[in-house]
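A short worksheet on the structure shown next.
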Amino acid sequence: MLAFIALGTASAVWINPFFVRMTPVGAWELPALALLAVLTGVFVALPNACGFRRATAGGTAGFLGIACPTCNKFLMLIFGGEALMLWFDPMRPYITVGGIAVLAFAIWRRWRSFHTQETHILNEDTG
């Protein structure tokens, strides 16, 4: 829930007093935000330290895809206003899907690592 509120507020998916969005919110952005927040919560809830860089990369890509492109100062400096709207804006849904996929992969790896460790501990206790 915290990830949903924080990411949604920072990306100005809804009107809030902290950030003003310069481009309209697409129909895909709220469901993508919800999925990104759920995956972030699942990743944080898994008790293992592996996959942090992968999850960070996926979460960052997902956030950049959801966030207002013209509001991001770094993107504005890199691309400029016209190129940002011409080249980056149409790619945002794909960047978001890629970020969600990377985050899901990090969750899978973390779960697999946790499950392997748990199995190994159980085998040591019984053997």
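Naming scheme: A, B, ... for chains in displayed order of the structure tokens; residues 1 onward per chain; ligands 1 onward as shown.
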
Helix (DSSP H, G or I) per DSSP on the backbone: members of chain A, as a ChimeraX atom specification: /A:2-10,29-45,52-66,73-79,81-126

May I have the selected residues written with C-alpha atoms, as a short mmCIF file (atom, residue, chain, number, x, y, z; two decimals), in the first residue's frame?
data_model
loop_
_atom_site.label_atom_id
_atom_site.label_comp_id
_atom_site.auth_asym_id
_atom_site.auth_seq_id
_atom_site.Cartn_x
_atom_site.Cartn_y
_atom_site.Cartn_z
CA LEU A 2 2.88 2.31 0.84
CA ALA A 3 4.50 1.71 -2.57
CA PHE A 4 1.19 2.42 -4.33
CA ILE A 5 0.71 5.71 -2.48
CA ALA A 6 4.33 6.83 -2.81
CA LEU A 7 4.75 5.93 -6.49
CA GLY A 8 1.31 7.24 -7.45
CA THR A 9 1.87 10.53 -5.67
CA ALA A 10 5.39 11.05 -7.03
CA GLU A 29 -0.90 3.87 -15.99
CA LEU A 30 -3.09 3.21 -12.94
CA PRO A 31 -3.25 -0.59 -13.49
CA ALA A 32 0.51 -0.62 -14.17
CA LEU A 33 1.08 1.36 -10.98
CA ALA A 34 -1.03 -1.12 -9.01
CA LEU A 35 0.89 -4.08 -10.43
CA LEU A 36 4.23 -2.38 -9.78
CA ALA A 37 3.20 -1.65 -6.17
CA VAL A 38 2.03 -5.23 -5.57
CA LEU A 39 5.27 -6.64 -6.98
CA THR A 40 7.30 -4.22 -4.87
CA GLY A 41 5.43 -5.36 -1.76
CA VAL A 42 5.97 -9.02 -2.62
CA PHE A 43 9.69 -8.43 -3.17
CA VAL A 44 10.09 -6.63 0.14
CA ALA A 45 8.11 -9.31 1.99
CA PHE A 52 18.12 -6.13 -4.81
CA ARG A 53 19.89 -4.55 -7.82
CA ARG A 54 17.58 -6.30 -10.26
CA ALA A 55 14.50 -5.19 -8.30
CA THR A 56 15.83 -1.64 -8.10
CA ALA A 57 16.39 -1.54 -11.86
CA GLY A 58 12.92 -2.95 -12.53
CA GLY A 59 11.22 -0.59 -10.11
CA THR A 60 13.07 2.41 -11.51
CA ALA A 61 12.19 1.51 -15.09
CA GLY A 62 8.57 0.94 -14.09
CA PHE A 63 8.44 4.28 -12.30
CA LEU A 64 10.02 6.14 -15.24
CA GLY A 65 7.45 4.59 -17.55
CA ILE A 66 4.53 5.63 -15.36
CA LYS A 73 14.15 16.98 -15.01
CA PHE A 74 16.72 14.30 -15.83
CA LEU A 75 14.82 13.08 -18.86
CA MET A 76 14.25 16.67 -19.96
CA LEU A 77 18.00 17.34 -19.75
CA ILE A 78 18.90 14.15 -21.63
CA PHE A 79 16.32 14.32 -24.42
CA GLY A 81 11.32 18.65 -24.70
CA GLU A 82 10.59 17.84 -28.33
CA ALA A 83 12.60 14.62 -28.48
CA LEU A 84 11.19 13.56 -25.13
CA MET A 85 7.62 13.71 -26.40
CA LEU A 86 8.50 12.37 -29.85
CA TRP A 87 10.74 9.43 -28.86
CA PHE A 88 10.44 8.67 -25.16
CA ASP A 89 6.72 9.17 -24.58
CA PRO A 90 5.60 6.47 -27.05
CA MET A 91 8.08 4.04 -25.44
CA ARG A 92 6.77 4.55 -21.89
CA PRO A 93 4.34 1.59 -21.88
CA TYR A 94 7.11 -0.72 -23.09
CA ILE A 95 9.56 0.64 -20.50
CA THR A 96 6.94 0.04 -17.81
CA VAL A 97 6.29 -3.53 -18.98
CA GLY A 98 10.04 -4.15 -19.09
CA GLY A 99 10.46 -2.79 -15.57
CA ILE A 100 7.60 -4.95 -14.30
CA ALA A 101 9.15 -8.00 -15.99
CA VAL A 102 12.55 -7.33 -14.40
CA LEU A 103 10.94 -6.86 -10.99
CA ALA A 104 8.94 -10.08 -11.43
CA PHE A 105 12.16 -11.89 -12.36
CA ALA A 106 13.85 -10.52 -9.24
CA ILE A 107 10.94 -11.84 -7.17
CA TRP A 108 11.19 -15.23 -8.82
CA ARG A 109 14.95 -15.38 -8.14
CA ARG A 110 14.49 -14.27 -4.54
CA TRP A 111 11.73 -16.82 -3.98
CA ARG A 112 13.83 -19.56 -5.57
CA SER A 113 16.82 -18.66 -3.42
CA PHE A 114 14.70 -18.62 -0.27
CA HIS A 115 13.06 -21.93 -1.14
CA THR A 116 16.44 -23.53 -1.91
CA GLN A 117 17.89 -22.35 1.41
CA GLU A 118 14.82 -23.58 3.28
CA THR A 119 15.05 -27.00 1.62
CA HIS A 120 18.77 -27.17 2.38
CA ILE A 121 18.17 -26.37 6.06
CA LEU A 122 15.41 -28.97 6.30
CA ASN A 123 17.65 -31.60 4.70
CA GLU A 124 20.43 -30.83 7.19
CA ASP A 125 18.05 -31.15 10.13
CA THR A 126 16.68 -34.52 9.00
#

CA of Ala67 (chain A) to CA of Val13 (chain A), straight-line distance in Å: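 For CA of Val13 (chain A) relative to CA of Ala67 (chain A), the distance reads 7.6 Å.
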